Amino acid sequence: MVRFFFCTLFLCACTFTYSQSTKVFSGTVKDAETNANIPFATVALLKSQDLLDGTSTDENGNFTIQNSPRTTHIEFSFIGYEIFLLPISNIENSENLMIRLQPSHVVLNEVVVAAEQTTTTLKIDRKVINLGADLQQAGATVLEAFDQISEIQTDLGTGTLSLRGSGNVRLLVNGKPSGLSAGELLGQLPAASVHKVEIITSPSAKNQADGLTGIINIVLKKNRSRGLNLNLNTGVGTKRYSYGLDGNYNYSWVNFRFNLSQAGREMDSHQTIAQQYTNGDTRDFNAPHDFNGLVRKVTVGLDFFINDNNELSFGFDYTNDYHSFFNNTFYSNVTNRDDFIYTRNSSHTHKTTEINTNYRKNFAKEGHFIELDYHISLNDNLLPAIDFEDAIFLFEEERRNENTLQQFALDYTLPVNAKVIVESGLLWNDRKLESFNYFQPNNGVTLNEMFDYREQVLGIYGMTTLQLGDFNTQAGLRYEYFTSNSANTLNSETTDLVFKNLFPSVHLSYTIDEANTINVGYSKRVSRPNFHHINPFQMGNQYFQWEANPGLKPEFSDNLDLNVQHNGNLFNWSLSTFYRNRTDVIIWLQDIDSDGIQTISFDNLGKKQSYGIETNLRYTLKSYWNTQFSANYYYTKVDQQAPITFDNLHASSIIFKNTFKINKNISTDITFRHTPKNQNEFRVIQPRNRLDWAIRAKFFENRLTANLRIIDVLDNNLREGTLITEQVIQNEIWRFQSQTFGVLFSLNYKLFQNQGKTRNRKQRDYDHGGSRD
């Protein structure tokens with residue numbers, strides 16, 4: 001009996017100790033003076049002065065964090081407020097903690113604890129990546145920053161973007177589309193301007209149905225801190241520089257925000273191609289590519305806090321993006337002709353003006369609101385080029401696109417009770433494109449042609465969210481009415497298309513406990529023929545040309561997702577798997593003629609079934625050492641009667657990241673990336689490796705930050721591949737400017753503070769296929 005008593009006592013003590021070490025703290029962070037909830041405040045677990053773990057409050061100011069047995073204090077902080085330290089010994093009830101932060105009036109001694117890690121939050125219908133102070137993001141463009149996110153696949157050499165092995169993804173910025181290509185748009189944006197990235201692989205019915213693989217929505221930072229806040233960022237690196245000033249002035253009932261920036265970049269790369277035709281002909285060429293670009297941006301915004309229930313915002317954004325290209329290609333081993341040099345001088349000028357107006361009416365019940373949003377984007381693109389062969393003039397061409405996008409959205413959310421939320425809304429999109437083509441040959445007739453295009457989408461949705469204990473379900477239905485018409489003066493061809501479709505979505509989330517969540521989602525998506533498919537005046541070059549197909553039908557996809565996530569104190573992991581079934585697939589067909597020009601056309605051909613798996617593991621080995629491992633694999637089976645080379649497609653990548661905190665002010669990061677052999681319908685890309693290194697130092701109480709970043713330390717990230725068609729086998733080596741050095745300096749300054757409240761409205765990210773918080 002004595003032995004039994006001591007064993008029982010020991011087990012009880014162990015159970016008590018374990019329950020204490022795994023205790024979960026939850027609560028809300030509020031403004032002590034206005035009693036308003038504070039979203040995205042920092043919550044940090046400390047052992048004396050050492051940081052053990054951390055999280056942020058959600059958009060409603062709520063937080064949940066699992067305790068570490070070594071924790072002595074919990075620290076709460078947010079820009080413009082005094083830091084609050086809560087000793088663990090003073091906590092009697094770990095649930096429903098009410099933390100009230102005092103506004104800081106003496107800001108010179110303010111110290112803010114910022115999250116050093118990029119964190120991932122799994123919501124019922126999307127994955128949200130909150131970009132922390134990731135060392136590999138410093139001084140980079142968003143295209144380069146995406147290269148550090150395993151869920152997104154980018155190619156820094158070609159500027160292409162894909163999601164889960166497919167390039168049919170909808171890219172949005174603050175929920176808005178762009179008239180630019182993905183590479184041009186992402187190359188404009190500095191990574192420092194990004195607040196978070198939403199990856200929506202199984203979008204709900206509130207999202208526009210375009211984008212078969214899903215949606216990538218980039219949410220930019222919007223300064224709303226109290227008082228006058230200024231942030232200066234300047235950087236210099238390998239053939240690049242940038243500088244910018246952003247900030248805001250928040251005075252009680254109004255917030256003025258602004259951003260001014262300029263970035264210049266040069267890049268050189270070499271492409272070597274060897275062609276072997278099935279008839280025995282050969283052609284080789286070496287093509288150096290010189291790029292020179294300059295981007296200027298101006299962004300201003302006004303937020304009016306009319307009263308507690310009415311909020312109004314205006315935004316204006318202007319971007320002038322210019323880049324020039326010079327290609328001096330040497331052709332050799334050409335059957336039946338001498339070697340020669342082909343020269344092309346070309347440039348792109350993109351001028352984009354965007355204006356946004358948003359109004360939100362809040363009702364008495366929490367979460368009950370109606371919101372209206374209007375956005376217009378004016379995009380003017382000028383693309384001139386002139387070609388020579390052995391210094392002899394061949395032709396001159398100029399293409400100009402005037403792209404106007406308008407969208408109006410209305411959303412209504414009604415919390416019926418604590419467990420049921422009903423949402424509905426409508427979205428109207430209007431896109432007008434005028435494409436002009438001027439072509440003057442050395443001898444022949446000068447052409448002056450025009451292509452007019454207009455499409456409109458009217459979408460209406462309804463959705464219900466129901467919470468039953470640990471289960472959270474969401475079901476919705478979307479109706480879209482799509483029309484498009486075009487006129488082409490080149491061949492007097494016109495189109496007039498009408499499509500009416502229903503798009504259901506169902507999502508289920510189950511919270512196992514505070515650390516573990518499972519999500520399952522289904523959605524139906526579409527890819528309709530648009531101006532990319534039927535516009536005959538798209539810019540090509542001496543290597544490839546586009547061929548329009550106005551007779552395309554819509555392609556549909558059924559997407560099924562499963563996501564599991566664990567968030568612990570020291571160990572975090574996530575696992576995602578999916579199935580995607582596509583019908584009437586719009587496929588890129590590639591053909592190479594006897595002159596070596598690759599023609600890309602489109603057609604509806606057959607079906608595709610895709611499967612994939614993604615995993616991400618993050619472990620805190622020591623308080624100063626964090627390691628992360630990410631890997632994915634995607635497989636697609638092609639079932640179609642088409643002139644393609646491969647019907648088994650696969651893509652994958654591996655990222656291994658280690659971050660070290662050398663001391664309180666200095667951190668470093670070493671990241672290794674391996675891209676195994678990838679294969680699409682016509683091309684095989686050989687495996688590649690890359691090693692990146694970055695270091696950061698902070699000075700003057702974190703107000704001044706200096707970063708050094710080296711991409712591709714070993715300078716061996718060649719892109720080697722083989723293109724195989726019925727006519728030719730083409731071996732390719734693309735040596736782009738992979739290795740780059742970059743130094744970035746950031747200075748943050750707060751002049752004064754006032755006691756006014758900050759804008760409380762939800763971020764408006766819905767429009768044209770996006771999503772909302």
# chains A, B, ... in the order shown; residues from 1 in each chain; ligands from 1
>>> residues_around(residues="Ile99 (chain A)", least_positions_apart="5", cutoff="9 Å", atoms="only C-alpha atoms", output="number ranges by chain")
A: 27-32, 76, 84
>>> residues_around(residues="Leu163 (chain A)", least_positions_apart="4", cutoff="8 Å", atoms="only C-alpha atoms", output="short mmCIF file (atom, residue, chain, number, x, y, z; two decimals) with N, CA, C and O atoms, in the first residue's frame")
data_model
loop_
_atom_site.label_atom_id
_atom_site.label_comp_id
_atom_site.auth_asym_id
_atom_site.auth_seq_id
_atom_site.Cartn_x
_atom_site.Cartn_y
_atom_site.Cartn_z
N GLU A 151 5.39 27.34 -50.60
CA GLU A 151 4.10 27.09 -51.23
C GLU A 151 3.97 27.73 -52.61
O GLU A 151 3.08 27.38 -53.39
N ILE A 152 4.84 28.69 -52.92
CA ILE A 152 4.79 29.42 -54.19
C ILE A 152 6.06 29.11 -54.97
O ILE A 152 7.16 29.12 -54.40
N GLN A 153 5.92 28.87 -56.27
CA GLN A 153 7.08 28.57 -57.10
C GLN A 153 7.32 29.74 -58.06
O GLN A 153 6.40 30.15 -58.79
N GLY A 167 0.66 27.33 -63.60
CA GLY A 167 0.75 28.77 -63.74
C GLY A 167 -0.61 29.44 -63.82
O GLY A 167 -0.68 30.68 -63.87
N ASN A 168 -1.71 28.68 -63.82
CA ASN A 168 -3.05 29.25 -63.89
C ASN A 168 -3.50 29.65 -62.49
O ASN A 168 -4.34 29.02 -61.86
N VAL A 169 -2.89 30.73 -61.98
CA VAL A 169 -3.18 31.22 -60.64
C VAL A 169 -3.53 32.70 -60.75
O VAL A 169 -2.99 33.42 -61.59
N THR A 213 -5.94 27.14 -60.16
CA THR A 213 -5.17 26.64 -59.02
C THR A 213 -5.52 27.37 -57.74
O THR A 213 -5.32 26.84 -56.65
N GLY A 214 -6.03 28.59 -57.87
CA GLY A 214 -6.38 29.36 -56.70
C GLY A 214 -5.96 30.81 -56.84
O GLY A 214 -5.78 31.33 -57.95
#
>>> closest_residue(among="A:Tyr453, A:Phe439, A:Tyr522, A:Phe736", to="Gln474 (chain A)", atoms="only C-alpha atoms")
A:Tyr522
>>> residues_around(residues="region 313-329 of chain A", least_positions_apart="6", cutoff="7 Å", atoms="only C-alpha atoms", output="PyMOL selection string")
chain A and resi 285-304+341-359
>>> write_last_selection(atoms="C-alpha atoms", output="PDB file, in the first residue's frame")
ATOM      1  CA  PHE A 285      22.624  30.506 -80.911  1.00  0.00           C
ATOM      2  CA  ASN A 286      24.106  32.355 -77.970  1.00  0.00           C
ATOM      3  CA  ALA A 287      21.930  35.188 -76.717  1.00  0.00           C
ATOM      4  CA  PRO A 288      23.132  37.712 -74.131  1.00  0.00           C
ATOM      5  CA  HIS A 289      20.259  39.692 -72.594  1.00  0.00           C
ATOM      6  CA  ASP A 290      20.825  43.104 -71.003  1.00  0.00           C
ATOM      7  CA  PHE A 291      18.068  44.562 -68.815  1.00  0.00           C
ATOM      8  CA  ASN A 292      17.856  48.069 -67.375  1.00  0.00           C
ATOM      9  CA  GLY A 293      14.856  49.130 -65.317  1.00  0.00           C
ATOM     10  CA  LEU A 294      13.585  52.039 -63.240  1.00  0.00           C
ATOM     11  CA  VAL A 295      10.420  52.023 -61.082  1.00  0.00           C
ATOM     12  CA  ARG A 296       8.910  55.115 -59.435  1.00  0.00           C
ATOM     13  CA  LYS A 297       5.893  54.834 -57.111  1.00  0.00           C
ATOM     14  CA  VAL A 298       3.685  57.308 -55.264  1.00  0.00           C
ATOM     15  CA  THR A 299       0.949  56.121 -52.907  1.00  0.00           C
ATOM     16  CA  VAL A 300      -1.281  58.268 -50.694  1.00  0.00           C
ATOM     17  CA  GLY A 301      -4.383  57.487 -48.685  1.00  0.00           C
ATOM     18  CA  LEU A 302      -6.891  59.062 -46.315  1.00  0.00           C
ATOM     19  CA  ASP A 303      -8.880  57.244 -43.612  1.00  0.00           C
ATOM     20  CA  PHE A 304     -11.763  59.180 -42.049  1.00  0.00           C
ATOM     21  CA  ILE A 341      24.184  38.284 -85.612  1.00  0.00           C
ATOM     22  CA  TYR A 342      20.585  39.210 -84.865  1.00  0.00           C
ATOM     23  CA  THR A 343      20.074  42.375 -82.784  1.00  0.00           C
ATOM     24  CA  ARG A 344      16.918  43.568 -81.044  1.00  0.00           C
ATOM     25  CA  ASN A 345      16.521  46.821 -79.106  1.00  0.00           C
ATOM     26  CA  SER A 346      13.254  47.019 -77.208  1.00  0.00           C
ATOM     27  CA  SER A 347      11.690  48.565 -74.124  1.00  0.00           C
ATOM     28  CA  HIS A 348       8.558  48.465 -71.993  1.00  0.00           C
ATOM     29  CA  THR A 349       6.925  51.482 -70.363  1.00  0.00           C
ATOM     30  CA  HIS A 350       4.090  50.793 -67.921  1.00  0.00           C
ATOM     31  CA  LYS A 351       2.213  53.717 -66.373  1.00  0.00           C
ATOM     32  CA  THR A 352      -0.470  52.701 -63.903  1.00  0.00           C
ATOM     33  CA  THR A 353      -2.874  54.919 -61.952  1.00  0.00           C
ATOM     34  CA  GLU A 354      -5.176  53.360 -59.345  1.00  0.00           C
ATOM     35  CA  ILE A 355      -7.917  55.049 -57.321  1.00  0.00           C
ATOM     36  CA  ASN A 356      -9.895  53.322 -54.570  1.00  0.00           C
ATOM     37  CA  THR A 357     -12.853  54.397 -52.433  1.00  0.00           C
ATOM     38  CA  ASN A 358     -14.188  52.336 -49.540  1.00  0.00           C
ATOM     39  CA  TYR A 359     -17.096  52.951 -47.160  1.00  0.00           C
TER      40      TYR A 359
END
>>> atom_distance(atom1="CA of Gln565 (chain A)", atom2="CA of Thr201 (chain A)")
15.7 Å
